[in-house]
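Student: Dropping in my_file14.txt, with compact mmCIF, C-alpha atoms.
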```txt
# COMPACT_ATOMS: atom_id res chain seq x y z
CA MET K 716 -122.20 -8.35 185.58
CA TYR K 717 -122.38 -5.87 188.44
CA ASP K 718 -119.93 -5.14 191.24
CA ASN K 719 -119.60 -2.86 194.24
CA SER K 720 -119.13 0.20 192.04
CA ILE K 721 -122.94 0.61 191.95
CA VAL K 722 -122.96 0.97 195.77
CA LYS K 723 -122.83 4.40 197.38
CA ILE K 724 -122.97 5.02 201.14
CA ALA K 725 -125.07 7.85 202.55
CA LYS K 726 -125.74 9.02 206.09
CA ARG K 727 -129.21 8.55 207.55
CA ASP K 728 -130.62 11.66 209.17
CA ASN K 729 -131.08 11.18 212.92
CA ASN K 730 -131.38 7.38 212.92
CA SER K 731 -129.59 5.68 215.80
CA ARG K 732 -130.65 2.16 214.74
CA ARG K 733 -128.54 2.24 211.58
CA LYS K 734 -126.50 5.30 210.68
CA TYR K 735 -125.83 4.47 207.04
CA LEU K 736 -128.00 3.92 203.99
CA VAL K 737 -126.84 1.86 201.04
CA ILE K 738 -127.76 3.61 197.78
CA ASN K 739 -127.74 1.80 194.47
CA GLU K 740 -127.12 4.40 191.78
CA LYS K 741 -128.93 2.35 189.12
CA GLN K 742 -132.12 1.67 191.07
CA GLY K 743 -134.08 4.80 190.26
CA LYS K 744 -135.09 5.75 193.78
CA HIS K 745 -132.88 8.43 195.31
CA ILE K 746 -130.64 9.15 192.29
CA PRO K 747 -132.04 9.87 188.80
CA VAL K 748 -131.27 6.97 186.46
CA LYS K 749 -131.71 6.10 182.80
CA PRO K 750 -134.67 3.70 182.76
CA ASP K 751 -132.98 1.08 180.58
CA GLU K 752 -130.13 0.79 183.09
CA ALA K 753 -132.53 0.12 185.96
CA LEU K 754 -134.72 -2.28 184.00
CA LYS K 755 -131.68 -4.17 182.69
CA MET K 756 -130.43 -4.71 186.24
CA PHE K 757 -133.86 -5.84 187.45
CA GLY K 758 -134.08 -8.20 184.48
CA GLU K 759 -130.75 -9.84 185.29
CA LEU K 760 -131.97 -10.59 188.81
CA ALA K 761 -135.14 -12.08 187.29
CA ASP K 762 -133.03 -14.26 184.98
CA ILE K 763 -131.43 -15.92 188.01
CA LEU K 764 -134.86 -16.72 189.40
CA LYS K 765 -136.11 -17.98 186.05
CA SER K 766 -133.21 -20.41 185.75
CA GLU K 767 -133.89 -21.74 189.26
CA TYR K 768 -137.69 -21.80 189.37
CA GLY K 769 -138.85 -21.75 185.78
CA GLY K 770 -141.15 -24.73 186.32
CA GLU K 771 -142.74 -23.49 189.56
CA LYS K 772 -145.80 -21.39 190.25
CA LEU K 773 -144.48 -18.32 192.07
CA LEU K 774 -145.80 -15.50 194.20
CA VAL K 775 -143.30 -12.65 194.03
CA ILE K 776 -143.49 -10.11 196.85
CA GLY K 777 -141.54 -6.85 196.62
CA PHE K 778 -140.64 -4.75 199.63
CA ALA K 779 -141.79 -1.15 199.95
CA GLU K 780 -140.72 1.32 199.28
CA THR K 781 -137.44 0.86 197.46
CA ALA K 782 -137.93 -2.60 195.91
CA THR K 783 -141.45 -2.25 194.52
CA ALA K 784 -140.21 -1.73 190.96
CA ILE K 785 -137.57 -4.46 191.20
CA GLY K 786 -140.21 -6.95 192.27
CA GLU K 787 -142.71 -5.95 189.58
CA ALA K 788 -140.08 -6.14 186.84
CA ALA K 789 -138.98 -9.57 188.05
CA ALA K 790 -142.57 -10.84 188.21
CA ILE K 791 -143.25 -9.62 184.68
CA LYS K 792 -140.27 -11.56 183.35
CA LEU K 793 -141.28 -14.64 185.38
CA GLY K 794 -144.94 -14.44 184.36
CA SER K 795 -145.97 -14.75 187.99
CA HIS K 796 -148.34 -13.35 190.55
CA TYR K 797 -147.12 -10.18 192.27
CA MET K 798 -147.88 -7.86 195.15
CA HIS K 799 -145.75 -5.64 197.33
CA THR K 800 -145.69 -4.77 200.98
CA THR K 801 -147.00 -1.36 201.94
CA ARG K 802 -147.15 1.29 204.60
CA GLU K 803 -150.27 2.83 203.11
CA ASN K 804 -153.82 2.07 204.29
CA ILE K 805 -156.19 0.06 202.11
CA GLU K 806 -159.85 0.02 203.04
CA GLY K 807 -161.74 -3.21 203.69
CA VAL K 808 -158.81 -5.63 204.02
CA GLU K 809 -156.99 -7.59 206.71
CA TYR K 810 -153.22 -7.37 207.06
CA LEU K 811 -150.22 -9.40 208.04
CA TYR K 812 -148.12 -6.92 210.04
CA PHE K 813 -144.36 -7.02 210.51
CA THR K 814 -141.61 -4.49 211.10
CA GLU K 815 -138.26 -3.25 209.79
CA SER K 816 -136.33 -2.47 212.95
CA HIS K 817 -133.67 -0.30 211.26
CA SER K 818 -136.09 1.81 209.24
CA HIS K 819 -137.40 5.30 209.96
CA ALA K 820 -140.90 3.94 209.19
CA THR K 821 -140.87 0.52 210.80
CA GLU K 822 -144.34 -0.86 210.12
CA GLN K 823 -144.76 -3.01 207.04
CA LYS K 824 -147.82 -5.01 206.04
CA LEU K 825 -149.21 -7.38 203.41
CA VAL K 826 -152.85 -7.76 202.42
CA LYS K 827 -153.76 -11.04 204.13
CA ASN K 828 -156.91 -11.55 202.07
CA ASP K 829 -154.79 -11.76 198.92
CA ILE K 830 -152.28 -14.17 200.46
CA ASP K 831 -155.21 -16.33 201.62
CA SER K 832 -156.54 -16.56 198.08
CA VAL K 833 -153.31 -17.77 196.48
CA ILE K 834 -151.25 -19.57 199.12
CA GLY K 835 -152.65 -23.01 198.24
CA LYS K 836 -152.09 -22.54 194.50
CA ILE K 837 -148.39 -21.68 194.41
CA ASP K 838 -145.15 -23.61 194.84
CA ARG K 839 -142.99 -20.85 196.27
CA VAL K 840 -142.96 -17.32 197.67
CA VAL K 841 -140.07 -15.18 196.42
CA PHE K 842 -139.32 -12.01 198.36
CA VAL K 843 -137.55 -9.34 196.33
CA GLU K 844 -135.44 -6.65 197.98
CA ASP K 845 -133.01 -4.02 196.82
CA GLU K 846 -130.59 -4.92 199.59
CA VAL K 847 -130.49 -7.55 202.36
CA THR K 848 -128.20 -6.89 205.33
CA THR K 849 -129.22 -9.18 208.20
CA GLY K 850 -132.36 -10.75 206.76
CA ASN K 851 -134.20 -10.17 210.05
CA THR K 852 -137.20 -8.49 208.41
CA ILE K 853 -137.62 -11.33 205.93
CA MET K 854 -137.18 -13.94 208.65
CA SER K 855 -139.96 -12.18 210.58
CA ILE K 856 -142.47 -12.35 207.73
CA VAL K 857 -141.49 -15.95 206.88
CA SER K 858 -142.17 -17.00 210.48
CA LEU K 859 -145.44 -15.08 210.49
CA MET K 860 -146.64 -16.70 207.27
CA ARG K 861 -145.70 -20.19 208.42
CA ASP K 862 -147.50 -19.63 211.73
CA THR K 863 -150.54 -18.12 210.02
CA TYR K 864 -151.02 -20.79 207.40
CA GLY K 865 -149.83 -23.78 209.38
CA ARG K 866 -148.17 -25.40 206.41
CA GLU K 867 -144.75 -25.83 204.88
CA ILE K 868 -144.17 -23.07 202.36
CA ASN K 869 -141.09 -22.80 200.14
CA PHE K 870 -139.41 -19.42 200.42
CA SER K 871 -136.64 -17.71 198.48
CA VAL K 872 -135.13 -14.23 198.63
CA ALA K 873 -133.73 -12.30 195.67
CA SER K 874 -131.92 -8.99 196.03
CA VAL K 875 -129.65 -6.79 193.98
CA LEU K 876 -127.27 -6.44 196.93
CA ASN K 877 -126.57 -8.93 199.73
CA GLY K 878 -124.56 -7.90 202.78
CA MET K 879 -125.38 -10.85 205.07
CA ASP K 880 -122.63 -12.29 207.23
CA GLY K 881 -122.03 -15.99 207.84
CA LYS K 882 -124.29 -16.17 210.87
CA SER K 883 -127.24 -14.62 209.03
CA ARG K 884 -126.76 -16.87 206.03
CA ALA K 885 -126.63 -19.93 208.29
CA ALA K 886 -129.96 -18.93 209.87
CA PHE K 887 -131.53 -18.81 206.41
CA ASP K 888 -130.04 -22.19 205.52
CA ASP K 889 -131.41 -23.66 208.74
CA ASN K 890 -134.88 -22.37 207.84
CA GLY K 891 -134.75 -23.63 204.27
CA ILE K 892 -134.79 -20.13 202.74
CA ARG K 893 -132.80 -19.89 199.50
CA LEU K 894 -130.82 -16.75 198.65
CA HIS K 895 -130.09 -15.15 195.27
CA TYR K 896 -128.38 -11.83 194.51
CA LEU K 897 -126.34 -9.90 191.97
CA VAL K 898 -123.68 -8.27 194.19
CA LYS K 899 -122.15 -9.34 197.51
CA THR K 900 -121.39 -6.43 199.84
CA ASP K 901 -119.49 -6.07 203.10
CA HIS K 902 -121.21 -3.69 205.53
CA SER K 903 -118.56 -3.78 208.23
CA GLY K 904 -117.12 -0.36 207.34
CA TYR K 905 -120.29 1.42 206.22
CA THR K 906 -121.08 3.12 209.54
CA GLN K 907 -117.59 4.62 209.63
CA ILE K 908 -117.90 5.83 206.04
CA ALA K 909 -121.28 7.44 206.74
CA GLU K 910 -120.03 9.18 209.88
CA SER K 911 -117.07 10.65 208.00
CA PHE K 912 -119.35 12.92 205.93
CA ARG K 913 -120.24 16.35 207.30
CA GLY K 914 -123.69 16.68 205.70
CA LYS K 915 -122.93 20.10 204.20
CA GLY K 916 -125.26 19.95 201.22
CA ILE K 917 -128.27 21.95 200.06
CA TYR K 918 -131.36 21.55 202.24
CA VAL K 919 -134.65 23.12 201.13
CA GLN K 920 -137.62 23.09 203.49
CA ALA K 921 -141.08 22.09 202.30
CA MET K 922 -142.75 24.86 200.31
CA THR K 923 -146.43 24.01 200.78
CA GLN K 924 -147.87 27.44 199.96
CA SER K 925 -149.64 27.96 196.64
CA ALA K 926 -147.85 26.40 193.69
CA ARG K 927 -145.68 28.97 191.94
CA ALA K 928 -145.71 27.17 188.59
CA LYS K 929 -148.63 26.02 186.50
CA TYR K 930 -148.95 22.37 185.54
CA LYS K 931 -151.12 20.24 183.29
CA GLU K 932 -153.09 17.32 184.68
CA ILE K 933 -153.96 14.00 183.03
CA VAL K 934 -156.30 11.52 184.73
CA GLU K 935 -155.57 8.04 183.43
CA PRO K 936 -158.00 5.16 184.23
CA SER K 937 -157.46 1.37 184.26
CA TYR K 938 -155.25 1.51 187.35
CA ILE K 939 -154.06 -1.70 189.01
CA ASN K 940 -152.99 -1.39 192.64
CA ALA K 941 -149.66 -3.23 192.97
CA ARG K 942 -150.19 -3.51 196.74
CA ARG K 943 -152.90 -6.05 195.89
CA LEU K 944 -152.41 -9.47 194.31
CA HIS K 945 -152.33 -9.38 190.51
CA MET K 946 -150.77 -11.08 187.52
CA ALA K 947 -147.69 -9.14 186.52
CA ALA K 948 -148.55 -9.52 182.83
CA ASP K 949 -151.81 -7.65 183.45
CA TYR K 950 -149.88 -4.88 185.20
CA ARG K 951 -147.50 -4.55 182.27
CA ALA K 952 -150.45 -4.29 179.87
CA ALA K 953 -152.05 -1.59 182.04
CA CYS K 954 -148.74 0.32 182.14
CA GLU K 955 -148.48 0.12 178.35
CA LYS K 956 -151.96 1.57 177.94
CA MET K 957 -151.20 4.35 180.42
CA CYS K 958 -147.97 5.19 178.58
CA ASP K 959 -149.72 5.22 175.20
CA ASP K 960 -152.34 7.63 176.49
CA VAL K 961 -149.87 9.95 178.23
CA ILE K 962 -147.52 10.12 175.25
CA SER K 963 -150.40 10.74 172.84
CA GLN K 964 -151.58 13.67 174.98
CA THR K 965 -148.19 15.22 175.76
CA GLY K 966 -145.99 14.24 172.83
CA VAL K 967 -142.26 13.56 173.00
CA LYS K 968 -139.75 15.97 171.48
CA SER K 969 -136.66 14.23 170.17
CA GLY K 970 -133.48 15.06 172.07
CA GLU K 971 -135.18 16.96 174.90
CA LYS K 972 -134.45 16.11 178.54
CA TYR K 973 -137.32 14.53 180.50
CA LEU K 974 -137.75 13.59 184.13
CA VAL K 975 -140.41 11.08 185.16
CA LEU K 976 -140.98 11.30 188.91
CA GLY K 977 -142.73 8.54 190.83
CA THR K 978 -144.21 8.97 194.30
CA GLU K 979 -143.01 6.87 197.25
CA GLU K 980 -144.04 3.22 196.71
CA PHE K 981 -145.26 3.98 193.18
CA MET K 982 -142.07 3.43 191.17
CA PHE K 983 -142.43 0.87 188.38
CA PRO K 984 -144.91 2.80 186.17
CA ALA K 985 -142.61 5.83 186.27
CA LEU K 986 -139.68 3.72 185.06
CA TRP K 987 -141.84 2.19 182.34
CA LEU K 988 -143.04 5.61 181.13
CA ALA K 989 -139.46 6.93 181.14
CA ALA K 990 -138.39 3.94 179.02
CA ARG K 991 -141.21 4.63 176.56
CA ILE K 992 -140.19 8.30 176.32
CA GLU K 993 -136.66 7.14 175.46
CA GLU K 994 -138.08 4.87 172.74
CA GLU K 995 -139.85 7.92 171.29
CA GLY K 996 -136.59 9.86 171.07
CA GLY K 997 -136.53 11.75 174.36
CA GLN K 998 -133.67 11.67 176.87
CA ALA K 999 -135.37 10.47 180.05
CA LEU K 1000 -134.32 10.00 183.64
CA CYS K 1001 -136.42 8.60 186.46
CA HIS K 1002 -136.45 8.61 190.24
CA ALA K 1003 -139.00 8.91 193.03
CA THR K 1004 -139.95 10.72 196.18
CA THR K 1005 -139.23 8.83 199.38
CA ARG K 1006 -139.98 8.72 203.09
CA SER K 1007 -136.27 8.31 203.88
CA PRO K 1008 -134.62 11.33 205.54
CA ILE K 1009 -130.98 11.30 204.40
CA GLU K 1010 -128.25 13.85 204.95
CA VAL K 1011 -126.83 15.52 201.84
CA SER K 1012 -123.32 16.77 201.25
CA SER K 1013 -121.24 18.48 198.59
CA GLU K 1014 -118.18 16.40 199.51
CA GLU K 1015 -116.50 14.40 196.76
CA GLY K 1016 -117.80 10.85 196.54
CA TYR K 1017 -121.05 11.50 198.39
CA PRO K 1018 -124.08 10.44 196.32
CA LEU K 1019 -126.68 13.06 197.36
CA GLN K 1020 -126.05 16.79 197.12
CA LYS K 1021 -129.53 18.39 197.31
CA ARG K 1022 -132.53 17.52 199.50
CA PHE K 1023 -136.01 18.95 199.10
CA GLU K 1024 -138.43 18.28 201.92
CA LEU K 1025 -142.00 17.65 200.74
CA ALA K 1026 -145.43 16.97 202.14
CA SER K 1027 -146.64 13.56 200.99
CA VAL K 1028 -149.24 13.50 198.21
CA TYR K 1029 -150.84 10.59 200.09
CA ASP K 1030 -150.91 12.24 203.52
CA GLU K 1031 -149.99 15.90 203.88
CA GLY K 1032 -149.00 15.33 207.50
CA ARG K 1033 -146.18 13.00 206.44
CA ARG K 1034 -142.74 14.30 205.51
CA THR K 1035 -141.22 12.98 202.30
CA PHE K 1036 -138.17 13.95 200.30
CA ILE K 1037 -136.66 14.16 196.86
CA TYR K 1038 -132.93 14.22 196.20
CA ASN K 1039 -130.68 15.61 193.47
CA LEU K 1040 -133.50 17.39 191.67
CA ASP K 1041 -132.37 19.25 188.55
CA LYS K 1042 -133.71 21.26 185.60
CA TYR K 1043 -135.31 19.46 182.65
CA ASP K 1044 -137.10 20.45 179.47
CA SER K 1045 -140.17 18.57 180.67
CA VAL K 1046 -141.22 16.84 183.91
CA VAL K 1047 -143.93 14.22 184.37
CA ILE K 1048 -145.09 13.45 187.90
CA LEU K 1049 -146.75 10.05 188.01
CA THR K 1050 -148.78 9.10 191.08
CA ASP K 1051 -151.46 6.67 192.24
CA ALA K 1052 -152.67 8.98 194.99
CA SER K 1053 -156.40 9.05 194.24
CA GLU K 1054 -156.70 12.64 195.43
CA PRO K 1055 -153.19 14.07 195.89
CA SER K 1056 -153.00 16.31 198.93
CA LYS K 1057 -152.87 20.02 198.12
CA ALA K 1058 -149.85 20.58 200.35
CA GLY K 1059 -148.09 17.62 198.76
CA MET K 1060 -148.66 18.85 195.22
CA ASN K 1061 -147.69 22.40 196.11
CA SER K 1062 -144.43 21.21 197.65
CA ILE K 1063 -143.47 19.09 194.61
CA ILE K 1064 -144.36 21.83 192.12
CA ASN K 1065 -142.47 24.45 194.13
CA ALA K 1066 -139.41 22.20 194.41
CA LEU K 1067 -139.46 21.71 190.63
CA ASP K 1068 -139.95 25.45 190.12
CA TYR K 1069 -137.01 26.14 192.47
CA CYS K 1070 -134.81 24.18 190.05
CA GLY K 1071 -136.10 26.08 187.00
CA ASN K 1072 -138.67 23.59 185.70
CA ASN K 1073 -141.76 25.13 184.07
CA ASP K 1074 -143.13 22.40 181.76
CA ILE K 1075 -144.77 20.07 184.27
CA THR K 1076 -147.48 17.44 183.84
CA LEU K 1077 -149.19 15.54 186.64
CA VAL K 1078 -150.50 12.08 185.69
CA ARG K 1079 -152.96 10.58 188.16
CA TRP K 1080 -153.39 6.85 187.53
CA ILE K 1081 -156.71 5.90 189.09
CA LYS K 1082 -159.48 3.33 188.89
CA ASN K 1083 -162.28 3.80 186.38
```
For the file at hand, write its structure as structure tokens.

Tutor:
Amino acid sequence: MYDNSIVKIAKRDNNSRRKYLVINEKQGKHIPVKPDEALKMFGELADILKSEYGGEKLLVIGFAETATAIGEAAAIKLGSHYMHTTRENIEGVEYLYFTESHSHATEQKLVKNDIDSVIGKIDRVVFVEDEVTTGNTIMSIVSLMRDTYGREINFSVASVLNGMDGKSRAAFDDNGIRLHYLVKTDHSGYTQIAESFRGKGIYVQAMTQSARAKYKEIVEPSYINARRLHMAADYRAACEKMCDDVISQTGVKSGEKYLVLGTEEFMFPALWLAARIEEEGGQALCHATTRSPIEVSSEEGYPLQKRFELASVYDEGRRTFIYNLDKYDSVVILTDASEPSKAGMNSIINALDYCGNNDITLVRWIKN
């Protein structure tokens, strides 16, 4: 069982729409986490869904960027179809567009072609989120899908955290949308908590000049794009093959400290590789870069102490961040950027070097 002790409140950087950010310390996004702790939590959410919908054909949809791994893990346990929303561009497809009004990057989209191909073959769409506050974003995409397909579709929402008030819950009930979650939260005091912090942490600007540390590179084929419709079992099998290949080429030294770092929406494979490293005797942690600008502070009780600004490996003109970076015996960066931007790679390598890391491997998971 989980309770509010997994919830930490941080202060968004220059966001007037919502001044706080809810951080789950076991999620593996902003804070490094042991992979088994994250996967156990995701599995418990999946168990709730399995008990409710075990006889139904499901399409599970995770929300980018923070719930992509939660959704994939749930879909694997459910044996269902899966895809996640995205803010990246995919060539040759049509989209369903919707927005997250409180986010720093408001535009979200789903590949419409993939929804078209499966909507008549499933019994229910299950949206998976890390945290639901008002449910407005989900209500928006539900309305859009019902308008687009002109048919009655069963919808459910599963999240680790749920902070909806009575009015929001009633709106979901009225629209026939079922809710499932692990922890109930009360957001009424979160803005005040966030504003109480001074933001006096360590801020390091993007270091996009030539990489100061050398790194090895592994190009791993058989990539499945989780932004596109797929069977979750196939994704797990592809992740297993990727992990086998990476571990065979790099080795795992028993007792050494490893970090596996995912990039933005690309989170689940990093967690899976970290779990495999633990199975081989390493001590692994996992987290990911993110688009979210969050203030950091050294004050007691604040979850984020260090912030490194980066250029995105997907688009060097986009700012991204990594928090609470530390020194490890070995670091593996795992990305699905087909050609990582030079500025993006330089900024990640230099941030790792800044923290004393010198054994670094980049794994690019790409199509054959």

Student: Name all residues at most 7 Å from Phe1023 in chain K (count all atoms listed in the file; drop same-chain ones fewer than 4 positions away) and give them as a list of chain:residue names.

Tutor: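 Here the answer would be K:Tyr918, K:Val919, K:Gln920, K:Ala921, K:Phe1036, K:Ile1037, K:Tyr1038, K:Ala1066.
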
Student: Near Ile962 in chain K, counting all atoms listed in the file, which residues have an atom at most 9 Å away, once you skip same-chain residues fewer than 4 positions from it, shown as number ranges by chain?

Tutor: K: 957-958, 966-967, 988, 991-992, 995

Student: Output as a Markdown table one row per residue of range 967-1048 of chain K within 10 Å of range 801-812 of chain K: the closest atom pair and its distance in Å to one decimal place, counting only C-alpha atoms, sorted by chain and residue number ascending.

Tutor:
```
| residue | atom | partner | partner_atom | distance |
| --- | --- | --- | --- | --- |
| K:Glu980 | CA | K:Thr801 | CA | 7.6 |
| K:Tyr1029 | CA | K:Glu803 | CA | 8.3 |
| K:Asp1030 | CA | K:Glu803 | CA | 9.4 |
```

Student: Expressed in Å to a single decimal, how great is the separation between CA of Pro1018 in chain K and CA of Glu740 in chain K?

Tutor: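 These two atoms are separated by 8.1 Å.
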
Student: Ranking K:Leu944, K:Tyr797, K:Asp728, K:Glu771 by minimum distance to Asp831 in chain K and counting all atoms listed in the file, which one comes first?

Tutor: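 Among the listed residues, the smallest separation from Asp831 in chain K belongs to K:Leu944.
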
Student: So, counting all atoms listed in the file, which residue among K:Asp959, K:Ser911, K:Thr1035, K:Leu1067 is closest to Lys734 in chain K?

Tutor: K:Ser911

Student: What's around Ile939 in chain K at 10 Å? Count only C-alpha atoms, leave out sequence neighbours fewer than 3 positions away in its own chain, and write the answer as a list in words.

Tutor: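 Everything that qualifies: Pro936, Arg942, Arg943, Leu944, His945, Asp949, Tyr950, Arg951, Ala953, Cys954, Asp1051, Trp1080, Ile1081 and Lys1082 of chain K.
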
Student: Would you please work out which residue, of K:Ser1056, K:Asn890, K:Asn1072, K:Asn1061, is nearest to Leu1040 in chain K when using only C-alpha atoms?

Tutor: K:Asn1072

Student: Find the spatial neighbours of Ser1007 in chain K, counting all atoms listed in the file, within a cut-off of 12 Å - ignore same-chain residues fewer than 5 positions away - and output them as a PyMOL selection string.

Tutor: chain K and resi 725-730+735-738+744-745+779-781+817-821+979-980+1022-1025+1027+1033-1038

Student: Work out how far apart CA of Leu773 in chain K and CA of Asn851 in chain K are and give it in Å to one decimal.

Tutor: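 Separating CA of Leu773 in chain K from CA of Asn851 in chain K is a distance of 22.3 Å.
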
Student: Hey, can you pull every residue with an atom no more than 12 Å from (-140.3, -21.3, 186.2), using all atoms listed in the file, and send it as an MDAnalysis selection string?

Tutor: chainID K and resid 761:774 789:790 792:795 837:839 841

Student: Quick one: of K:Leu1019, K:Leu754, K:Met922, K:Ala989, who's nearest to Met1060 in chain K, counting all atoms listed in the file?

Tutor: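 Smallest separation from Met1060 in chain K among the options: K:Met922.
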
Student: I need the residue nearest Ser1013 in chain K from this list: K:Ser963, K:Gly758, K:Leu876, K:Gly914. Use all atoms listed in the file for the distance.

Tutor: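 With all atoms listed in the file as the atom set, the closest residue is K:Gly914.
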
Student: Which residue, K:Asp889, K:Val843, K:Leu897, K:Asp862, has the smallest gap to Ile721 in chain K when you use only C-alpha atoms?

Tutor: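 So, comparing all the options, the nearest one is K:Leu897.
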
Student: For the point (-144.4, -11.7, 209.1) in the file's frame, write as number ranges by chain all residues with an atom no more than 9 Å away, counting only C-alpha atoms.

Tutor: K: 811-814, 823-825, 852-863

Student: Do you have the CA of Ile1048 in chain K-CA of Asp845 in chain K distance handy?

Tutor: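 Separating CA of Ile1048 in chain K from CA of Asp845 in chain K is a distance of 23.0 Å.
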
Student: Quick one: residues within 9 Å of Ser969 in chain K, only C-alpha atoms, excluding same-chain residues fewer than 5 positions away - as a list in words?

Tutor: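 Neighbouring residues, sequence-local ones excluded: Glu993, Glu995, Gly996, Gly997 and Gln998 of chain K.
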
Student: Provide range 981-1002 of chain K rebuilt to N, CA and C atoms, formatted as a PDB file, in the coordinates of the input.

Tutor:
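New file part28.pdb:
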```
ATOM      1  N   PHE K 981    -144.788   4.057 194.566  1.00  0.00           N
ATOM      2  CA  PHE K 981    -145.260   3.980 193.180  1.00  0.00           C
ATOM      3  C   PHE K 981    -144.097   4.274 192.235  1.00  0.00           C
ATOM      4  N   MET K 982    -143.309   3.236 191.917  1.00  0.00           N
ATOM      5  CA  MET K 982    -142.070   3.430 191.170  1.00  0.00           C
ATOM      6  C   MET K 982    -142.071   2.804 189.781  1.00  0.00           C
ATOM      7  N   PHE K 983    -142.570   1.582 189.657  1.00  0.00           N
ATOM      8  CA  PHE K 983    -142.430   0.870 188.380  1.00  0.00           C
ATOM      9  C   PHE K 983    -143.078   1.609 187.214  1.00  0.00           C
ATOM     10  N   PRO K 984    -144.310   2.104 187.320  1.00  0.00           N
ATOM     11  CA  PRO K 984    -144.910   2.800 186.170  1.00  0.00           C
ATOM     12  C   PRO K 984    -144.096   4.005 185.708  1.00  0.00           C
ATOM     13  N   ALA K 985    -143.441   4.688 186.654  1.00  0.00           N
ATOM     14  CA  ALA K 985    -142.610   5.830 186.270  1.00  0.00           C
ATOM     15  C   ALA K 985    -141.413   5.370 185.449  1.00  0.00           C
ATOM     16  N   LEU K 986    -140.785   4.268 185.846  1.00  0.00           N
ATOM     17  CA  LEU K 986    -139.680   3.720 185.060  1.00  0.00           C
ATOM     18  C   LEU K 986    -140.141   3.292 183.673  1.00  0.00           C
ATOM     19  N   TRP K 987    -141.316   2.684 183.618  1.00  0.00           N
ATOM     20  CA  TRP K 987    -141.840   2.190 182.340  1.00  0.00           C
ATOM     21  C   TRP K 987    -142.151   3.363 181.404  1.00  0.00           C
ATOM     22  N   LEU K 988    -142.753   4.431 181.952  1.00  0.00           N
ATOM     23  CA  LEU K 988    -143.040   5.610 181.130  1.00  0.00           C
ATOM     24  C   LEU K 988    -141.748   6.264 180.668  1.00  0.00           C
ATOM     25  N   ALA K 989    -140.748   6.351 181.534  1.00  0.00           N
ATOM     26  CA  ALA K 989    -139.460   6.930 181.140  1.00  0.00           C
ATOM     27  C   ALA K 989    -138.832   6.118 180.011  1.00  0.00           C
ATOM     28  N   ALA K 990    -138.938   4.796 180.088  1.00  0.00           N
ATOM     29  CA  ALA K 990    -138.390   3.940 179.020  1.00  0.00           C
ATOM     30  C   ALA K 990    -139.123   4.189 177.708  1.00  0.00           C
ATOM     31  N   ARG K 991    -140.435   4.363 177.769  1.00  0.00           N
ATOM     32  CA  ARG K 991    -141.210   4.630 176.560  1.00  0.00           C
ATOM     33  C   ARG K 991    -140.846   5.992 175.963  1.00  0.00           C
ATOM     34  N   ILE K 992    -140.610   6.978 176.817  1.00  0.00           N
ATOM     35  CA  ILE K 992    -140.190   8.300 176.320  1.00  0.00           C
ATOM     36  C   ILE K 992    -138.855   8.185 175.595  1.00  0.00           C
ATOM     37  N   GLU K 993    -137.947   7.370 176.134  1.00  0.00           N
ATOM     38  CA  GLU K 993    -136.660   7.140 175.460  1.00  0.00           C
ATOM     39  C   GLU K 993    -136.873   6.491 174.098  1.00  0.00           C
ATOM     40  N   GLU K 994    -137.800   5.531 174.018  1.00  0.00           N
ATOM     41  CA  GLU K 994    -138.080   4.870 172.740  1.00  0.00           C
ATOM     42  C   GLU K 994    -138.604   5.861 171.708  1.00  0.00           C
ATOM     43  N   GLU K 995    -139.286   6.911 172.184  1.00  0.00           N
ATOM     44  CA  GLU K 995    -139.850   7.920 171.290  1.00  0.00           C
ATOM     45  C   GLU K 995    -138.852   9.019 170.939  1.00  0.00           C
ATOM     46  N   GLY K 996    -137.621   8.908 171.439  1.00  0.00           N
ATOM     47  CA  GLY K 996    -136.590   9.860 171.070  1.00  0.00           C
ATOM     48  C   GLY K 996    -136.207  10.869 172.132  1.00  0.00           C
ATOM     49  N   GLY K 997    -136.899  10.854 173.279  1.00  0.00           N
ATOM     50  CA  GLY K 997    -136.530  11.750 174.360  1.00  0.00           C
ATOM     51  C   GLY K 997    -135.350  11.212 175.167  1.00  0.00           C
ATOM     52  N   GLN K 998    -134.746  12.076 175.954  1.00  0.00           N
ATOM     53  CA  GLN K 998    -133.670  11.670 176.870  1.00  0.00           C
ATOM     54  C   GLN K 998    -134.252  11.697 178.283  1.00  0.00           C
ATOM     55  N   ALA K 999    -134.604  10.527 178.807  1.00  0.00           N
ATOM     56  CA  ALA K 999    -135.370  10.470 180.050  1.00  0.00           C
ATOM     57  C   ALA K 999    -134.555   9.940 181.213  1.00  0.00           C
ATOM     58  N   LEU K1000    -134.817  10.521 182.376  1.00  0.00           N
ATOM     59  CA  LEU K1000    -134.320  10.000 183.640  1.00  0.00           C
ATOM     60  C   LEU K1000    -135.527   9.767 184.554  1.00  0.00           C
ATOM     61  N   CYS K1001    -135.326   8.930 185.555  1.00  0.00           N
ATOM     62  CA  CYS K1001    -136.420   8.600 186.460  1.00  0.00           C
ATOM     63  C   CYS K1001    -135.896   8.444 187.875  1.00  0.00           C
ATOM     64  N   HIS K1002    -136.641   8.961 188.836  1.00  0.00           N
ATOM     65  CA  HIS K1002    -136.450   8.610 190.240  1.00  0.00           C
ATOM     66  C   HIS K1002    -137.754   8.867 190.958  1.00  0.00           C
TER      67      HIS K1002
END
```
